[in-house]
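Just final_35.csv here, CSV, C-alpha atoms and all ligand atoms:
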```
chain,number,residue,atom,x,y,z
S,18,MET,CA,0.0,0.0,0.0
S,19,LYS,CA,1.0,3.6,-0.3
S,20,ALA,CA,2.2,5.3,2.9
S,21,VAL,CA,3.8,8.7,3.6
S,22,GLN,CA,6.7,8.1,5.9
S,23,VAL,CA,9.2,10.0,8.0
S,24,ILE,CA,12.6,8.9,6.7
S,25,GLY,CA,14.7,11.3,8.7
S,26,TYR,CA,14.4,14.5,10.7
S,27,HIS,CA,14.9,17.9,9.1
S,28,THR,CA,14.1,16.2,5.8
S,29,LYS,CA,11.0,15.8,3.7
S,30,LEU,CA,8.4,13.0,4.0
S,31,GLN,CA,8.5,10.3,1.4
S,32,LEU,CA,5.8,8.3,-0.3
S,33,ASN,CA,6.7,4.6,0.0
S,34,GLU,CA,5.2,1.3,-1.0
S,35,ILE,CA,5.0,-0.8,2.1
S,36,PRO,CA,3.0,-4.0,3.1
S,37,GLU,CA,-0.6,-3.5,4.3
S,38,PRO,CA,-1.0,-4.0,8.1
S,39,THR,CA,-2.5,-7.3,9.1
S,40,VAL,CA,-4.5,-8.5,12.1
S,41,GLN,CA,-2.1,-9.9,14.7
S,42,GLY,CA,-3.9,-9.7,18.0
S,43,PRO,CA,-7.5,-10.5,18.9
S,44,LEU,CA,-8.5,-6.9,19.4
S,45,ASP,CA,-6.8,-5.5,16.4
S,46,VAL,CA,-8.8,-3.4,13.9
S,47,ILE,CA,-7.6,-2.4,10.5
S,48,VAL,CA,-9.1,0.8,9.2
S,49,LYS,CA,-9.2,1.7,5.5
S,50,ILE,CA,-8.4,5.4,5.7
S,51,GLY,CA,-11.0,7.8,4.3
S,52,GLY,CA,-9.2,10.9,5.6
S,53,ALA,CA,-6.1,11.8,7.6
S,54,GLY,CA,-5.8,15.3,9.1
S,55,VAL,CA,-2.6,17.3,8.5
S,56,CYS,CA,-1.7,18.8,11.8
S,57,ARG,CA,1.0,21.2,13.1
S,58,THR,CA,2.2,18.4,15.2
S,59,ASP,CA,3.3,16.7,12.0
S,60,LEU,CA,5.5,19.6,11.3
S,61,HIS,CA,6.9,19.4,14.8
S,62,VAL,CA,7.6,15.6,14.2
S,63,LEU,CA,9.7,16.5,11.2
S,64,GLU,CA,11.6,19.2,13.1
S,65,GLY,CA,12.6,16.3,15.5
S,66,GLN,CA,10.7,17.7,18.5
S,67,TRP,CA,9.3,14.2,19.3
S,68,GLU,CA,12.5,12.2,18.5
S,69,ALA,CA,13.8,12.0,22.0
S,70,LYS,CA,10.3,11.5,23.6
S,71,THR,CA,9.3,8.5,21.4
S,72,GLY,CA,12.5,7.0,20.0
S,73,VAL,CA,10.4,5.7,17.1
S,74,GLU,CA,12.3,3.6,14.6
S,75,LEU,CA,12.5,5.2,11.1
S,76,PRO,CA,11.1,5.0,8.6
S,77,TYR,CA,7.5,5.1,10.0
S,78,THR,CA,4.2,6.3,8.7
S,79,ILE,CA,3.0,9.7,10.1
S,80,GLY,CA,-0.6,10.9,10.7
S,81,HIS,CA,-2.6,10.9,13.9
S,82,GLU,CA,-6.0,12.3,12.9
S,83,ASN,CA,-7.7,9.4,11.2
S,84,ALA,CA,-11.1,8.2,10.1
S,85,GLY,CA,-12.3,5.6,7.6
S,86,TRP,CA,-14.0,2.2,7.3
S,87,VAL,CA,-13.4,-0.9,9.2
S,88,HIS,CA,-11.5,-3.3,6.9
S,89,ALA,CA,-10.6,-6.3,9.1
S,90,THR,CA,-10.9,-7.2,12.7
S,91,GLY,CA,-9.4,-9.7,15.2
S,92,ASP,CA,-11.3,-12.6,16.6
S,93,ALA,CA,-12.4,-10.8,19.8
S,94,VAL,CA,-13.7,-7.6,18.3
S,95,THR,CA,-17.4,-7.2,18.8
S,96,ASN,CA,-18.0,-3.5,18.8
S,97,VAL,CA,-17.4,-2.9,15.1
S,98,ALA,CA,-17.8,-4.9,11.9
S,99,ASP,CA,-16.2,-4.7,8.4
S,100,GLY,CA,-17.5,-1.7,6.5
S,101,ASP,CA,-18.5,0.4,9.6
S,102,LYS,CA,-17.6,4.1,9.3
S,103,VAL,CA,-15.3,5.0,12.2
S,104,ILE,CA,-13.2,7.8,13.6
S,105,VAL,CA,-10.1,6.7,15.4
S,106,HIS,CA,-9.2,7.8,18.9
S,107,PRO,CA,-5.6,9.0,18.6
S,108,LEU,CA,-4.3,6.6,21.3
S,109,ILE,CA,-4.3,2.8,21.4
S,110,THR,CA,-4.9,2.0,25.1
S,111,CYS,CA,-4.6,-1.1,27.2
S,112,GLY,CA,-7.9,-1.1,29.0
S,113,LEU,CA,-6.3,-2.7,32.1
S,114,CYS,CA,-4.3,0.1,33.8
S,115,ARG,CA,-5.8,2.3,36.5
S,116,ALA,CA,-6.2,5.3,34.2
S,117,CYS,CA,-8.0,3.2,31.6
S,118,ARG,CA,-10.4,1.8,34.2
S,119,PHE,CA,-11.3,5.4,35.1
S,120,GLY,CA,-12.0,6.0,31.4
S,121,ASP,CA,-9.0,8.4,31.3
S,122,ASP,CA,-7.6,7.1,28.0
S,123,VAL,CA,-5.1,9.9,27.6
S,124,HIS,CA,-3.1,8.8,30.7
S,125,CYS,CA,-3.0,5.1,29.9
S,126,GLU,CA,0.2,3.6,31.2
S,127,ASN,CA,0.7,1.4,28.2
S,128,SER,CA,-0.5,3.5,25.3
S,129,GLN,CA,0.7,3.7,21.7
S,130,PHE,CA,0.2,6.8,19.6
S,131,PRO,CA,-0.1,5.9,15.8
S,132,GLY,CA,1.5,8.6,13.7
S,133,ILE,CA,3.8,9.5,16.6
S,134,ASP,CA,5.4,6.4,18.0
S,135,VAL,CA,4.0,3.7,15.6
S,136,HIS,CA,2.7,3.7,12.0
S,137,GLY,CA,-0.1,6.3,11.5
S,138,GLY,CA,-2.7,7.2,8.9
S,139,TYR,CA,-1.1,9.0,6.0
S,140,ALA,CA,-1.6,5.7,4.2
S,141,GLN,CA,-4.3,3.5,2.7
S,142,TYR,CA,-4.7,1.3,5.9
S,143,LEU,CA,-4.1,1.8,9.6
S,144,LEU,CA,-3.7,-0.7,12.4
S,145,THR,CA,-5.5,0.3,15.6
S,146,SER,CA,-7.5,-1.5,18.3
S,147,ALA,CA,-11.2,-2.2,19.1
S,148,ARG,CA,-10.8,0.2,22.1
S,149,SER,CA,-9.9,3.1,19.8
S,150,VAL,CA,-12.6,3.1,17.1
S,151,VAL,CA,-15.8,5.2,17.5
S,152,LYS,CA,-18.6,4.4,15.1
S,153,ILE,CA,-19.8,7.5,13.3
S,154,ASP,CA,-23.3,8.4,12.0
S,155,PRO,CA,-23.9,7.0,8.5
S,156,GLY,CA,-24.6,10.6,7.4
S,157,LEU,CA,-21.0,11.7,8.2
S,158,GLU,CA,-18.1,11.2,5.9
S,159,PRO,CA,-14.7,10.1,7.3
S,160,ALA,CA,-12.8,12.8,5.5
S,161,ASP,CA,-15.0,15.5,6.9
S,162,VAL,CA,-14.6,14.5,10.6
S,163,ALA,CA,-11.0,13.0,10.6
S,164,ALA,CA,-9.5,16.2,12.1
S,165,LEU,CA,-11.9,16.1,15.0
S,166,ALA,CA,-9.9,13.1,16.2
S,167,ASP,CA,-7.3,15.4,17.7
S,168,ALA,CA,-7.8,19.2,17.3
S,169,GLY,CA,-11.6,18.8,17.8
S,170,LEU,CA,-11.2,16.3,20.6
S,171,THR,CA,-8.9,18.6,22.5
S,172,ALA,CA,-11.3,21.6,22.1
S,173,TYR,CA,-14.2,19.3,23.2
S,174,HIS,CA,-12.4,18.0,26.2
S,175,ALA,CA,-11.7,21.6,27.5
S,176,ALA,CA,-15.1,23.0,26.7
S,177,ALA,CA,-17.0,20.1,28.2
S,178,LYS,CA,-15.0,20.5,31.4
S,179,ALA,CA,-15.8,24.2,31.5
S,180,ALA,CA,-19.5,23.4,30.7
S,181,GLY,CA,-19.7,20.9,33.6
S,182,ALA,CA,-18.3,23.4,36.1
S,183,THR,CA,-20.5,26.3,35.2
S,184,ARG,CA,-24.3,27.1,35.5
S,185,PRO,CA,-26.7,28.8,33.2
S,186,GLY,CA,-26.0,32.5,33.1
S,187,ASP,CA,-22.4,32.1,34.3
S,188,VAL,CA,-19.9,33.8,32.0
S,189,CYS,CA,-17.3,31.7,30.0
S,190,VAL,CA,-14.6,33.6,28.1
S,191,MET,CA,-12.9,31.8,25.3
S,192,ILE,CA,-9.6,33.3,24.1
S,193,GLY,CA,-8.8,32.6,20.5
S,194,ALA,CA,-11.3,31.8,17.8
S,195,GLY,CA,-9.0,29.9,15.4
S,196,GLY,CA,-8.8,26.2,14.6
S,197,LEU,CA,-9.5,24.8,18.1
S,198,GLY,CA,-11.4,27.8,19.3
S,199,HIS,CA,-14.0,27.6,16.6
S,200,ILE,CA,-14.7,24.0,17.7
S,201,GLY,CA,-14.8,25.0,21.4
S,202,ILE,CA,-17.4,27.7,20.7
S,203,GLN,CA,-19.7,25.3,18.8
S,204,VAL,CA,-19.4,22.7,21.6
S,205,MET,CA,-20.0,25.2,24.4
S,206,LYS,CA,-23.1,26.6,22.6
S,207,ALA,CA,-24.4,23.0,22.1
S,208,ILE,CA,-24.0,21.7,25.6
S,209,SER,CA,-24.2,24.7,28.0
S,210,ALA,CA,-26.3,27.8,28.8
S,211,VAL,CA,-23.4,30.1,29.8
S,212,THR,CA,-23.0,33.5,28.4
S,213,LEU,CA,-20.2,32.8,25.9
S,214,VAL,CA,-17.7,35.7,25.4
S,215,VAL,CA,-15.1,35.2,22.7
S,216,VAL,CA,-11.9,37.3,22.6
S,217,ASP,CA,-9.6,37.4,19.5
S,218,ARG,CA,-7.2,39.8,17.8
S,219,ASN,CA,-8.7,39.2,14.4
S,220,GLN,CA,-12.1,40.8,13.6
S,221,ALA,CA,-12.9,38.2,10.9
S,222,ALA,CA,-12.4,35.4,13.4
S,223,LEU,CA,-14.8,37.3,15.8
S,224,ASP,CA,-17.4,37.6,13.0
S,225,LEU,CA,-17.2,33.9,12.5
S,226,ALA,CA,-17.4,33.3,16.3
S,227,ARG,CA,-20.6,35.3,16.4
S,228,GLU,CA,-22.1,33.3,13.5
S,229,ILE,CA,-21.4,30.0,15.3
S,230,GLY,CA,-22.6,30.8,18.7
S,231,ALA,CA,-20.7,33.5,20.6
S,232,ASP,CA,-23.0,35.8,22.6
S,233,VAL,CA,-20.5,38.6,22.9
S,234,THR,CA,-17.3,39.2,21.0
S,235,ILE,CA,-14.4,41.4,22.1
S,236,LEU,CA,-11.5,42.5,20.0
S,237,ALA,CA,-8.2,41.9,21.8
S,238,ASP,CA,-7.0,45.5,21.4
S,239,GLY,CA,-5.5,46.0,24.8
S,240,HIS,CA,-8.8,46.8,26.6
S,241,GLN,CA,-10.2,43.3,26.6
S,242,VAL,CA,-9.7,42.8,30.4
S,243,GLU,CA,-11.7,46.0,31.2
S,244,LYS,CA,-14.4,44.9,28.8
S,245,VAL,CA,-14.9,41.5,30.4
S,246,LEU,CA,-14.9,43.1,33.9
S,247,GLU,CA,-17.4,45.7,32.8
S,248,LEU,CA,-19.6,42.9,31.4
S,249,THR,CA,-19.5,41.0,34.7
S,250,GLY,CA,-20.2,43.8,37.1
S,251,GLY,CA,-16.5,44.0,38.0
S,252,HIS,CA,-16.3,40.3,39.2
S,253,GLY,CA,-14.8,38.5,36.2
S,254,ALA,CA,-15.8,35.3,34.4
S,255,GLU,CA,-16.5,32.0,36.1
S,256,ALA,CA,-14.5,30.2,33.4
S,257,VAL,CA,-11.8,31.2,31.0
S,258,VAL,CA,-10.7,28.7,28.3
S,259,ASP,CA,-7.4,29.8,26.8
S,260,PHE,CA,-6.8,28.4,23.3
S,261,VAL,CA,-3.8,30.8,22.7
S,262,GLY,CA,-1.4,30.5,25.7
S,263,GLU,CA,1.2,32.9,24.3
S,264,GLY,CA,1.9,36.5,23.5
S,265,GLY,CA,0.5,37.8,26.8
S,266,ALA,CA,-2.9,36.1,26.3
S,267,THR,CA,-2.6,34.1,29.5
S,268,ALA,CA,-1.7,37.0,31.8
S,269,GLN,CA,-4.7,38.9,30.4
S,270,GLY,CA,-7.0,35.9,30.6
S,271,ILE,CA,-6.1,35.3,34.3
S,272,ALA,CA,-7.1,38.9,35.0
S,273,MET,CA,-10.5,38.2,33.6
S,274,LEU,CA,-11.2,35.4,36.1
S,275,ARG,CA,-13.7,35.7,38.9
S,276,ARG,CA,-12.9,34.5,42.5
S,277,ALA,CA,-13.0,30.7,42.6
S,278,GLY,CA,-13.0,30.7,38.8
S,279,ASN,CA,-11.4,28.1,36.6
S,280,TYR,CA,-8.7,28.7,34.0
S,281,TYR,CA,-8.5,26.1,31.3
S,282,VAL,CA,-5.1,26.0,29.6
S,283,VAL,CA,-5.2,24.6,26.0
S,284,GLY,CA,-2.8,26.7,23.9
S,285,TYR,CA,0.7,26.9,25.4
S,286,GLY,CA,3.9,28.8,25.2
S,287,GLU,CA,4.1,31.3,27.9
S,288,ASN,CA,4.4,30.8,31.7
S,289,ILE,CA,1.6,31.2,34.3
S,290,ASP,CA,3.0,33.8,36.7
S,291,VAL,CA,0.6,34.3,39.6
S,292,PRO,CA,1.6,35.1,43.2
S,293,THR,CA,0.6,32.0,45.3
S,294,ILE,CA,-1.1,34.3,47.8
S,295,ASP,CA,-3.5,35.3,45.1
S,296,VAL,CA,-4.2,31.7,44.3
S,297,ILE,CA,-5.1,30.8,47.9
S,298,SER,CA,-7.0,34.1,48.7
S,299,THR,CA,-9.2,33.9,45.6
S,300,GLU,CA,-9.2,30.0,45.2
S,301,ILE,CA,-8.7,30.2,41.4
S,302,ASN,CA,-7.9,27.0,39.6
S,303,PHE,CA,-5.6,26.2,36.7
S,304,ILE,CA,-6.6,23.2,34.7
S,305,GLY,CA,-4.5,21.6,31.9
S,306,ASN,CA,-6.0,19.9,28.9
S,307,LEU,CA,-4.5,17.2,26.8
S,308,VAL,CA,-6.5,15.7,23.9
S,309,GLY,CA,-9.6,13.9,25.3
S,310,SER,CA,-11.0,10.5,26.2
S,311,TYR,CA,-12.8,7.9,24.1
S,312,ASN,CA,-16.1,9.0,25.6
S,313,ASP,CA,-15.2,12.7,24.7
S,314,LEU,CA,-14.7,11.6,21.1
S,315,GLN,CA,-18.0,9.7,21.1
S,316,GLU,CA,-19.9,12.7,22.5
S,317,LEU,CA,-18.2,15.0,19.9
S,318,MET,CA,-19.4,12.6,17.2
S,319,VAL,CA,-23.0,13.0,18.5
S,320,LEU,CA,-22.7,16.7,18.1
S,321,ALA,CA,-21.2,16.3,14.6
S,322,ALA,CA,-24.0,14.0,13.6
S,323,ARG,CA,-26.5,16.6,14.7
S,324,GLY,CA,-24.8,19.3,12.7
S,325,SER,CA,-24.0,21.2,16.0
S,326,VAL,CA,-20.2,21.1,15.3
S,327,LYS,CA,-18.9,21.7,11.8
S,328,LEU,CA,-15.3,21.7,10.7
S,329,HIS,CA,-14.2,23.4,7.5
S,330,THR,CA,-11.8,21.2,5.6
S,331,THR,CA,-9.6,21.5,2.5
S,332,LYS,CA,-8.9,18.1,0.9
S,333,TYR,CA,-5.7,16.9,-0.8
S,334,ALA,CA,-4.9,13.6,-2.5
S,335,LEU,CA,-2.5,11.5,-0.4
S,336,GLU,CA,0.2,12.0,-3.1
S,337,ASP,CA,-0.1,15.7,-2.6
S,338,PHE,CA,1.0,15.5,1.1
S,339,GLN,CA,3.9,17.9,0.5
S,340,GLN,CA,1.6,20.6,-0.8
S,341,ALA,CA,-0.7,20.1,2.2
S,342,LEU,CA,2.2,20.5,4.7
S,343,ASP,CA,3.6,23.5,2.8
S,344,ASP,CA,0.2,25.2,2.8
S,345,LEU,CA,-0.2,24.5,6.5
S,346,ASP,CA,3.3,25.8,7.2
S,347,ASN,CA,2.6,29.0,5.1
S,348,GLY,CA,-0.8,29.6,6.7
S,349,LEU,CA,-2.7,29.0,3.5
S,350,VAL,CA,-5.1,26.2,4.6
S,351,ARG,CA,-8.7,27.3,5.3
S,352,GLY,CA,-9.9,25.1,8.2
S,353,ARG,CA,-8.1,21.8,8.4
S,354,ALA,CA,-6.1,20.1,5.6
S,355,ILE,CA,-7.2,16.5,5.0
S,356,LEU,CA,-5.3,13.8,3.0
S,357,VAL,CA,-7.6,11.5,1.1
S,358,PRO,CA,-6.0,8.2,-0.2
S,401,ZN,ZN,-3.1,16.8,15.5
S,402,ZN,ZN,-4.2,1.6,30.0
```
Using C-alpha cells, write down the structure from this file.
Amino acid sequence: MKAVQVIGYHTKLQLNEIPEPTVQGPLDVIVKIGGAGVCRTDLHVLEGQWEAKTGVELPYTIGHENAGWVHATGDAVTNVADGDKVIVHPLITCGLCRACRFGDDVHCENSQFPGIDVHGGYAQYLLTSARSVVKIDPGLEPADVAALADAGLTAYHAAAKAAGATRPGDVCVMIGAGGLGHIGIQVMKAISAVTLVVVDRNQAALDLAREIGADVTILADGHQVEKVLELTGGHGAEAVVDFVGEGGATAQGIAMLRRAGNYYVVGYGENIDVPTIDVISTEINFIGNLVGSYNDLQELMVLAARGSVKLHTTKYALEDFQQALDDLDNGLVRGRAILVP
C-alpha cells in the first residue's frame, strides 16, 4: 500500500510502497483510511521535537487524525464490523491500567500513539484496536470528521470540562477563535447555557465566532480585560478557556477570572506567573487539557451528527502530502487540511 513516511528529521516526508498492516492480535482493527488530518504536530515531528520522547524507529508512517471504514478485525472484536464508518481515537490504550479503568484514556500507562510512535494514517490502511474506534453516524463522511480526532477532541475536552463546572447565566470567556477555538465555541453553545464571550485579535475570526454561537465578541485591542470586567459587574468570568497561551494572552486571561473561577489551559507557550497568595486568597484553579478521552470523542461525534459542530476542511490527494504540509506551514489552509488516499 501507499504510505507517507518519516525517513529522517529535518528532511521531507517520502511516499513509500509498504506491506498492508494485518490483524495480529484478537482486538486489532484495520481501518481503510478515508481521511487523515494534517496537523501542526506533523511539522513538529519532522523538526525532530518528538524524536527523544518517542525513540520511534525510522522509517515510519506519520498521521494521527484518522477516520475511515473498518477493513478487518481480530477474533475478539465485537463493537465494530467490516464496513463500519469510524473515527479513530488518537491513542491505542490497554484497558487494564488504573487510568483506563477510570475512562481516562489519555493517561493510559501502556499506550501507543499511531502517527507519533507507531505507524499512522497517512496511508491506505491503519492498524488500531477495538478500544480506539468510534462508530460515526452514516450521514457523516470520514474525510469531513478526521481532524476532529485530535484538534476537535482537545477543544471538546476543555469546553466540556468548563461546561460541567458552570451554570446557566455564568460567563465563560474563550480566548482565540482559530482552529481549536471555533470548535470550542460550537461545543459550548451546544451543551451549555453560559453567556459565551469570545476574545480574539482578528475581527474576521470574531465575526465567524458570532455566527457559530458567541453571545459577545471582544476584540483583543489592549482593553479586553476591562471589557470583560465591565460585562461581569467587575467580578470577572466563572470560566476562561485559553486556546492561545502565548503573547500575553494568558496573563490577560487570568485577569478576567472571577474569585474561585477556573482557568483552562489549552494553547501553550508562555508561563503562568501568579503570586501564590492570590491563588489561595481567591481560590482560582488552573486546569491543563491534553487531547480527550474515548467518551469525549463519542460525544463529539453525537454533536457532529446533529450538525452542531462543523469543521471546514480542504482536501488533498494522499500523493499531494507535501503541498498540504507546505500550505499549512505557510498559513494557506482554510480550516483543516485532510489527505484522502
Ligand atoms: Zn493533530
Ligand atoms: Zn491503560
Review point. Ligand ZN 401 (chain S): which residues are within 7 Å, counting only C-alpha atoms and all ligand atoms, as number ranges by chain?
Key: S: 56-58, 81-82, 167-168
Revision key, fill the gap. In terms of only C-alpha atoms, the residue from S:His88, S:His174, S:Lys19, S:His27 at minimal distance from Val46 in chain S is S:His88
Point to revise | 6 Å shell around ligand ZN 402 (chain S) using all atoms listed in the file, listed as a count of residues only | key: 10
Point to revise | Exercise: range 129-132 of chain S partners within 7 Å, all atoms listed in the file, chain neighbours under 3 positions left out, as a ChimeraX atom specification | key: /S:78-81,107-110,135-138
Practice item. Tell me, as a list in words, which residues lie within 8 Å of Gly278 in chain S, counting only C-alpha atoms; anything in the same chain fewer than 2 positions away does not count. Key: Ala254, Glu255, Ala256, Val257, Leu274, Arg275, Arg276, Tyr280, Glu300, Ile301 and Asn302 of chain S
Practice item. Go through S:Leu328, S:Val151, S:Ala194, S:Ile200 one by one, measure the shortest atom-to-atom distance of each to Arg351 in chain S using only C-alpha atoms, and give the residue with the smallest value. Key: S:Leu328
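The spacing separating CA of Val55 in chain S from CA of Asn347 in chain S amounts to 13.2 Å.
Nearest residue to Glu74 in chain S, choosing from S:Gln340, S:Ser325, S:Gln41, S:Gln22 and counting all atoms listed in the file: S:Gln22.
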N, CA and C atoms are what I want for range 189-222 of chain S; can you complete it accordingly and write them as an mmCIF file, keeping the file's coordinate frame?
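Result saved to rebuild07.cif:
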```cif
data_model
loop_
_atom_site.group_PDB
_atom_site.id
_atom_site.type_symbol
_atom_site.label_atom_id
_atom_site.label_comp_id
_atom_site.auth_asym_id
_atom_site.auth_seq_id
_atom_site.Cartn_x
_atom_site.Cartn_y
_atom_site.Cartn_z
ATOM 1 N N CYS S 189 -18.523 32.460 30.470
ATOM 2 C CA CYS S 189 -17.300 31.700 30.000
ATOM 3 C C CYS S 189 -16.658 32.563 28.938
ATOM 4 N N VAL S 190 -15.392 32.875 29.145
ATOM 5 C CA VAL S 190 -14.600 33.600 28.100
ATOM 6 C C VAL S 190 -13.771 32.568 27.378
ATOM 7 N N MET S 191 -13.820 32.586 26.063
ATOM 8 C CA MET S 191 -12.900 31.800 25.300
ATOM 9 C C MET S 191 -11.926 32.731 24.571
ATOM 10 N N ILE S 192 -10.644 32.468 24.766
ATOM 11 C CA ILE S 192 -9.600 33.300 24.100
ATOM 12 C C ILE S 192 -9.090 32.553 22.908
ATOM 13 N N GLY S 193 -9.283 33.168 21.732
ATOM 14 C CA GLY S 193 -8.800 32.600 20.500
ATOM 15 C C GLY S 193 -9.923 31.857 19.746
ATOM 16 N N ALA S 194 -10.278 32.357 18.581
ATOM 17 C CA ALA S 194 -11.300 31.800 17.800
ATOM 18 C C ALA S 194 -10.770 31.176 16.492
ATOM 19 N N GLY S 195 -9.603 30.552 16.597
ATOM 20 C CA GLY S 195 -9.000 29.900 15.400
ATOM 21 C C GLY S 195 -9.403 28.460 15.316
ATOM 22 N N GLY S 196 -8.479 27.595 14.900
ATOM 23 C CA GLY S 196 -8.800 26.200 14.600
ATOM 24 C C GLY S 196 -9.468 25.478 15.780
ATOM 25 N N LEU S 197 -8.853 25.500 16.961
ATOM 26 C CA LEU S 197 -9.500 24.800 18.100
ATOM 27 C C LEU S 197 -10.603 25.652 18.677
ATOM 28 N N GLY S 198 -10.400 26.967 18.743
ATOM 29 C CA GLY S 198 -11.400 27.800 19.300
ATOM 30 C C GLY S 198 -12.750 27.732 18.646
ATOM 31 N N HIS S 199 -12.745 27.624 17.321
ATOM 32 C CA HIS S 199 -14.000 27.600 16.600
ATOM 33 C C HIS S 199 -14.797 26.299 16.875
ATOM 34 N N ILE S 200 -14.071 25.238 17.222
ATOM 35 C CA ILE S 200 -14.700 24.000 17.700
ATOM 36 C C ILE S 200 -15.256 24.200 19.099
ATOM 37 N N GLY S 201 -14.408 24.771 19.954
ATOM 38 C CA GLY S 201 -14.800 25.000 21.400
ATOM 39 C C GLY S 201 -16.057 25.836 21.471
ATOM 40 N N ILE S 202 -16.176 26.859 20.641
ATOM 41 C CA ILE S 202 -17.400 27.700 20.700
ATOM 42 C C ILE S 202 -18.618 26.927 20.324
ATOM 43 N N GLN S 203 -18.528 26.123 19.261
ATOM 44 C CA GLN S 203 -19.700 25.300 18.800
ATOM 45 C C GLN S 203 -20.100 24.317 19.914
ATOM 46 N N VAL S 204 -19.090 23.707 20.530
ATOM 47 C CA VAL S 204 -19.400 22.700 21.600
ATOM 48 C C VAL S 204 -20.045 23.400 22.767
ATOM 49 N N MET S 205 -19.481 24.515 23.211
ATOM 50 C CA MET S 205 -20.000 25.200 24.400
ATOM 51 C C MET S 205 -21.463 25.618 24.127
ATOM 52 N N LYS S 206 -21.715 26.116 22.922
ATOM 53 C CA LYS S 206 -23.100 26.600 22.600
ATOM 54 C C LYS S 206 -24.040 25.376 22.606
ATOM 55 N N ALA S 207 -23.544 24.205 22.197
ATOM 56 C CA ALA S 207 -24.400 23.000 22.100
ATOM 57 C C ALA S 207 -24.724 22.397 23.441
ATOM 58 N N ILE S 208 -23.816 22.503 24.408
ATOM 59 C CA ILE S 208 -24.000 21.700 25.600
ATOM 60 C C ILE S 208 -24.156 22.570 26.898
ATOM 61 N N SER S 209 -24.190 23.897 26.763
ATOM 62 C CA SER S 209 -24.200 24.700 28.000
ATOM 63 C C SER S 209 -25.058 25.977 27.771
ATOM 64 N N ALA S 210 -25.501 26.525 28.888
ATOM 65 C CA ALA S 210 -26.300 27.800 28.800
ATOM 66 C C ALA S 210 -25.532 28.929 29.461
ATOM 67 N N VAL S 211 -24.209 28.908 29.384
ATOM 68 C CA VAL S 211 -23.400 30.100 29.800
ATOM 69 C C VAL S 211 -23.584 31.213 28.857
ATOM 70 N N THR S 212 -23.225 32.402 29.304
ATOM 71 C CA THR S 212 -23.000 33.500 28.400
ATOM 72 C C THR S 212 -21.610 33.364 27.836
ATOM 73 N N LEU S 213 -21.505 33.161 26.519
ATOM 74 C CA LEU S 213 -20.200 32.800 25.900
ATOM 75 C C LEU S 213 -19.586 34.092 25.301
ATOM 76 N N VAL S 214 -18.438 34.471 25.855
ATOM 77 C CA VAL S 214 -17.700 35.700 25.400
ATOM 78 C C VAL S 214 -16.456 35.186 24.678
ATOM 79 N N VAL S 215 -16.236 35.665 23.466
ATOM 80 C CA VAL S 215 -15.100 35.200 22.700
ATOM 81 C C VAL S 215 -14.150 36.438 22.446
ATOM 82 N N VAL S 216 -12.872 36.251 22.741
ATOM 83 C CA VAL S 216 -11.900 37.300 22.600
ATOM 84 C C VAL S 216 -10.866 36.844 21.512
ATOM 85 N N ASP S 217 -10.587 37.714 20.552
ATOM 86 C CA ASP S 217 -9.600 37.400 19.500
ATOM 87 C C ASP S 217 -9.003 38.693 18.985
ATOM 88 N N ARG S 218 -7.802 38.603 18.406
ATOM 89 C CA ARG S 218 -7.200 39.800 17.800
ATOM 90 C C ARG S 218 -7.695 40.115 16.438
ATOM 91 N N ASN S 219 -8.370 39.129 15.854
ATOM 92 C CA ASN S 219 -8.700 39.200 14.400
ATOM 93 C C ASN S 219 -10.257 39.406 14.319
ATOM 94 N N GLN S 220 -10.673 40.517 13.701
ATOM 95 C CA GLN S 220 -12.100 40.800 13.600
ATOM 96 C C GLN S 220 -12.848 39.768 12.770
ATOM 97 N N ALA S 221 -12.196 39.247 11.714
ATOM 98 C CA ALA S 221 -12.900 38.200 10.900
ATOM 99 C C ALA S 221 -13.149 36.971 11.698
ATOM 100 N N ALA S 222 -12.207 36.599 12.579
ATOM 101 C CA ALA S 222 -12.400 35.400 13.400
ATOM 102 C C ALA S 222 -13.572 35.683 14.403
#
```
